[in-house]
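What follows is a single structure, written as structure tokens, with notes after it.
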There are 2 protein chains.
Amino acid sequence: MSEAPPTKELRRDAKRNRERIVATARELFAGDGIEASVEDITRQAGVGMGTLYRHFATKEELIDAVLEDAFDELIALAEEAIADDDAWRGFTTFLEQTLERHVANRGLKDVVASAEHGRERAHAMRERLRPLVRQMIERAQAQGALRRDFTAEDVPVLFWAGGGVIAATATVAPDAWRRQLRFCLDGLQPAAATPLTVPPLTRDQLDRSAGRGRA
Amino acid sequence: MSEAPPTKELRRDAKRNRERIVATARELFAGDGIEASVEDITRQAGVGMGTLYRHFATKEELIDAVLEDAFDELIALAEEAIADDDAWRGFTTFLEQTLERHVANRGLKDVVASAEHGRERAHAMRERLRPLVRQMIERAQAQGALRRDFTAEDVPVLFWAGGGVIAATATVAPDAWRRQLRFCLDGLQPAAATPLTVPPLTRDQLDRSAGRGRA
DNA sequence: CCTCAACCGGAGCGATAGCTCCGTTTCTTC
DNA sequence: GAAGAAACGGAGCTATCGCTCCGGTTGAGG
């Protein structure tokens, strides 16, 4: 699982070029989403196609490597949320800060909240996030701040919803998603709860959602 | 505005082929979204490329023509909502039925809830829908069933949110959006309302959102 | 400084998309 | 049933994307 770091030792120019590629890709993915073309990346990084593909076997691999930091940050946000004595505040802050990242980093949103693109690091991030989210929710429910029919599997749904708003409005009104989130959060308080008519997603459904295409 | 119907009179085969194209496109757009390729459409309709492009100058025009019925249905749903004595029930039913259409018709979702694709009929539909939605909301607020800081400009935001959930889950759990909508609706009741931190979208922002690209 | 493995760049491949062009066929009219 | 306007169909154009291939270049060890 954990990529052993026995990678010999890169030649100086190779190391420099790799860093340039990652830095440029980070910038372009953040701004344009993962649909930024590899050609744009190489041109702006000042390297050739061959160079990029010697370091990354595929574009997906590059995406995965570029977003590693962002993934780690999401984990850190979840841990902060759990550390908050006020579980409800922790939970809402986690949602807000995650969606703020989605606005600032379209590539992150594309991988987390939208389509497939489940490479190793992304998958590992989801695995690490899952128990944290579950704990976050259980604590908020135990403190009586979150309706009891809300489940951990509903969290990705909130991200998909926020992602939809962000995709449509980010360039024009980068805070528009906050209204939508507020409405949802107000509806998540126990006092506001009205019966749900459908069950939450199962683990299996979650894995297949926005996962491996429409197979 | 209203396309005058002075179009001479199509030859019999031309008329037949046009109908085949529209019928096939309707089916493929509903199933695969507007990304269904024109080649697939012509093949399945049993016509050539030239035939399609004699009837529709561009793919966008075909989309617009194909979705005309779906647009009319949305208008009808809005009118039904307004006719309901219980404004809240009318409003929620409108949202539910619209999103049901989005699940059943991916092409409709693509045009209404997602990207640009603002051809004439789509634009006209939005113009017709706007006052109906406004009325729907004002009535629900007057009846004390809807929080007062909710505006007509928030309705597209709800569609974008629902569209995000549908895009991710439709093939795996076609009803998953109902949970998200329930949470939101519960949060739209006056008793649940918590202060919003950002203003609603302006008309101008709305027009540019998911509108003409990232210009 | 010399050598050669390691690394570089970018033309080009193959797939896919929307769309055009034009030789051929078909319908309608007289 | 002949003629010509109208419509047909599909090969192929252009553009874009991810990715490969290979002749040339560079940097580190002896």
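Residues in the structure tokens are named by chain (A, B, ... in the order shown) and by number from 1 within that chain; ligands are numbered from 1 in the order shown.
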
Chain B contacts to chain D at 8 Å (only C-alpha atoms (C1' of nucleotides)) as a list of chain:residue names: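 The answer, sorted by residue number, is B:Arg11, B:Asp13, B:Ala14, B:Val47, B:Gly48, B:Met49, B:Gly50, B:Thr51.
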
Filtered DSSP result for chain A, state alpha helix (DSSP H), as a ChimeraX atom specification: /A:12-32,38-45,49-55,59-66,68-83,87-104,106-109,120-142,154-169,176-187,203-208

Residue hits in chain B, query chain A, radius 6 Å, only C-alpha atoms, as a PyMOL selection string: chain B and resi 160-162+164-165+168-169+183-184+186-187+192+209-210

File of the preceding selection, C-alpha atoms, as a PDB file, in the first residue's frame:
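Listing of part.pdb after writing:
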```
ATOM      1  CA  TRP B 160     -27.790  22.479  -9.128  1.00  0.00           C
ATOM      2  CA  ALA B 161     -27.465  20.716  -5.799  1.00  0.00           C
ATOM      3  CA  GLY B 162     -29.945  18.039  -6.767  1.00  0.00           C
ATOM      4  CA  GLY B 164     -24.934  17.098  -8.494  1.00  0.00           C
ATOM      5  CA  VAL B 165     -26.391  14.267  -6.455  1.00  0.00           C
ATOM      6  CA  ALA B 168     -23.202  10.904  -9.115  1.00  0.00           C
ATOM      7  CA  THR B 169     -25.864   8.431  -8.073  1.00  0.00           C
ATOM      8  CA  PHE B 183     -32.726  17.787   4.452  1.00  0.00           C
ATOM      9  CA  CYS B 184     -32.944  21.043   2.531  1.00  0.00           C
ATOM     10  CA  ASP B 186     -36.646  20.655   6.454  1.00  0.00           C
ATOM     11  CA  GLY B 187     -34.227  23.525   6.664  1.00  0.00           C
ATOM     12  CA  ALA B 192     -35.574  25.858  11.486  1.00  0.00           C
ATOM     13  CA  SER B 209     -23.842  31.054 -13.858  1.00  0.00           C
ATOM     14  CA  ALA B 210     -23.607  27.857 -15.797  1.00  0.00           C
TER      15      ALA B 210
END
```

Contact residues (chain C, partner chain B, 10 Å, only C-alpha atoms (C1' of nucleotides)) as a PyMOL selection string: chain C and resi 16-21+26-28

Same residues, C-alpha atoms (C1' of nucleotides), output as a short mmCIF file (atom, residue, chain, number, x, y, z; two decimals), in the first residue's frame:
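Contents of again-v5.cif, as written:
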```
data_model
loop_
_atom_site.label_atom_id
_atom_site.label_comp_id
_atom_site.auth_asym_id
_atom_site.auth_seq_id
_atom_site.Cartn_x
_atom_site.Cartn_y
_atom_site.Cartn_z
"C1'" DT C 16 -13.32 10.69 -30.63
"C1'" DA C 17 -15.87 14.65 -31.33
"C1'" DG C 18 -18.78 17.99 -34.32
"C1'" DC C 19 -19.51 19.21 -38.76
"C1'" DT C 20 -19.03 19.80 -44.26
"C1'" DC C 21 -19.03 18.49 -49.02
"C1'" DT C 26 -35.93 10.13 -54.41
"C1'" DC C 27 -40.05 12.71 -54.43
"C1'" DT C 28 -43.14 15.80 -56.82
#
```

Within 12 Å of Ala83 in chain A using only C-alpha atoms (C1' of nucleotides), minus same-chain residues under 3 positions, as a ChimeraX atom specification: /A:76-80,86-91,93-94,132,135-136,139

Write a file of the just-selected residues containing N, CA and C atoms, as a PDB file, in the first residue's frame.
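out_35.pdb, freshly written:
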```pdb
ATOM      1  N   ALA A  76      -6.838  16.182   7.767  1.00  0.00           N
ATOM      2  CA  ALA A  76      -6.545  17.053   8.912  1.00  0.00           C
ATOM      3  C   ALA A  76      -7.792  17.818   9.331  1.00  0.00           C
ATOM      4  N   LEU A  77      -8.561  18.268   8.371  1.00  0.00           N
ATOM      5  CA  LEU A  77      -9.789  18.994   8.705  1.00  0.00           C
ATOM      6  C   LEU A  77     -10.749  18.089   9.477  1.00  0.00           C
ATOM      7  N   ALA A  78     -10.834  16.839   9.062  1.00  0.00           N
ATOM      8  CA  ALA A  78     -11.727  15.908   9.748  1.00  0.00           C
ATOM      9  C   ALA A  78     -11.247  15.669  11.176  1.00  0.00           C
ATOM     10  N   GLU A  79      -9.939  15.587  11.347  1.00  0.00           N
ATOM     11  CA  GLU A  79      -9.415  15.357  12.691  1.00  0.00           C
ATOM     12  C   GLU A  79      -9.660  16.560  13.598  1.00  0.00           C
ATOM     13  N   GLU A  80      -9.501  17.727  13.026  1.00  0.00           N
ATOM     14  CA  GLU A  80      -9.828  18.936  13.797  1.00  0.00           C
ATOM     15  C   GLU A  80     -11.281  18.915  14.229  1.00  0.00           C
ATOM     16  N   ASP A  86     -17.570  20.791  20.790  1.00  0.00           N
ATOM     17  CA  ASP A  86     -18.917  20.961  20.244  1.00  0.00           C
ATOM     18  C   ASP A  86     -18.986  20.188  18.928  1.00  0.00           C
ATOM     19  N   ALA A  87     -19.578  19.007  18.975  1.00  0.00           N
ATOM     20  CA  ALA A  87     -19.548  18.118  17.808  1.00  0.00           C
ATOM     21  C   ALA A  87     -20.273  18.730  16.611  1.00  0.00           C
ATOM     22  N   TRP A  88     -21.337  19.446  16.881  1.00  0.00           N
ATOM     23  CA  TRP A  88     -22.089  20.071  15.790  1.00  0.00           C
ATOM     24  C   TRP A  88     -21.237  21.124  15.109  1.00  0.00           C
ATOM     25  N   ARG A  89     -20.571  21.940  15.899  1.00  0.00           N
ATOM     26  CA  ARG A  89     -19.708  22.958  15.316  1.00  0.00           C
ATOM     27  C   ARG A  89     -18.574  22.306  14.527  1.00  0.00           C
ATOM     28  N   GLY A  90     -18.045  21.232  15.079  1.00  0.00           N
ATOM     29  CA  GLY A  90     -16.992  20.521  14.359  1.00  0.00           C
ATOM     30  C   GLY A  90     -17.477  20.012  13.014  1.00  0.00           C
ATOM     31  N   PHE A  91     -18.638  19.425  13.029  1.00  0.00           N
ATOM     32  CA  PHE A  91     -19.209  18.859  11.815  1.00  0.00           C
ATOM     33  C   PHE A  91     -19.465  19.940  10.756  1.00  0.00           C
ATOM     34  N   THR A  93     -18.224  22.940  10.569  1.00  0.00           N
ATOM     35  CA  THR A  93     -16.974  23.565  10.140  1.00  0.00           C
ATOM     36  C   THR A  93     -16.252  22.680   9.134  1.00  0.00           C
ATOM     37  N   PHE A  94     -16.284  21.380   9.388  1.00  0.00           N
ATOM     38  CA  PHE A  94     -15.665  20.438   8.451  1.00  0.00           C
ATOM     39  C   PHE A  94     -16.297  20.558   7.070  1.00  0.00           C
ATOM     40  N   LEU A 132     -13.490   8.674  10.359  1.00  0.00           N
ATOM     41  CA  LEU A 132     -13.503   9.985  10.997  1.00  0.00           C
ATOM     42  C   LEU A 132     -14.885  10.628  10.855  1.00  0.00           C
ATOM     43  N   GLN A 135     -17.389   8.964  13.127  1.00  0.00           N
ATOM     44  CA  GLN A 135     -17.239   9.404  14.510  1.00  0.00           C
ATOM     45  C   GLN A 135     -17.816  10.811  14.710  1.00  0.00           C
ATOM     46  N   MET A 136     -17.502  11.659  13.767  1.00  0.00           N
ATOM     47  CA  MET A 136     -17.996  13.037  13.797  1.00  0.00           C
ATOM     48  C   MET A 136     -19.513  13.072  13.940  1.00  0.00           C
ATOM     49  N   ARG A 139     -20.914  11.469  17.296  1.00  0.00           N
ATOM     50  CA  ARG A 139     -20.757  12.391  18.426  1.00  0.00           C
ATOM     51  C   ARG A 139     -21.821  13.486  18.372  1.00  0.00           C
TER      52      ARG A 139
END
```

Who sits within 9 Å of Leu62 in chain A, only C-alpha atoms (C1' of nucleotides), same chain under 4 positions skipped, as a PyMOL selection string: chain A and resi 21-22+25+52+55-58+66-67

CA of Gln141 in chain B to CA of Arg101 in chain B, straight-line distance in Å: 25.7 Å

Atomic distance CA of Glu120 in chain A - C1' of DC7 in chain C, expressed in Å with one decimal: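 These two atoms are separated by 26.9 Å.
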
Polymer residues at most 12 Å from Glu127 in chain A, only C-alpha atoms (C1' of nucleotides), same-chain spacing of 3 or more positions, as a ChimeraX atom specification: /A:71,75,118,120-124,130-134,203,207

Based on the selection just made, write C-alpha atoms of those residues as a compact mmCIF listing (two decimals), in the first residue's frame.
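Ended up saving to part30.txt:
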```
# COMPACT_ATOMS: atom_id res chain seq x y z
CA PHE A 71 -6.10 14.91 0.46
CA ILE A 75 -7.97 14.36 6.66
CA GLY A 118 -10.12 6.70 -8.02
CA GLU A 120 -4.50 4.94 -5.00
CA ARG A 121 -4.07 8.08 -2.98
CA ALA A 122 -7.62 9.19 -3.60
CA HIS A 123 -8.91 5.82 -2.55
CA ALA A 124 -6.71 5.76 0.53
CA ARG A 130 -14.70 7.26 6.44
CA PRO A 131 -14.22 6.37 10.12
CA LEU A 132 -13.50 9.98 11.00
CA VAL A 133 -16.75 11.11 9.43
CA ARG A 134 -18.62 8.35 11.17
CA ARG A 203 -21.45 1.06 1.19
CA ASP A 207 -18.45 2.65 -4.01
```

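For the pair CA of Asp40 in chain A and C1' of DA11 in chain C, the interatomic distance is 16.4 Å.
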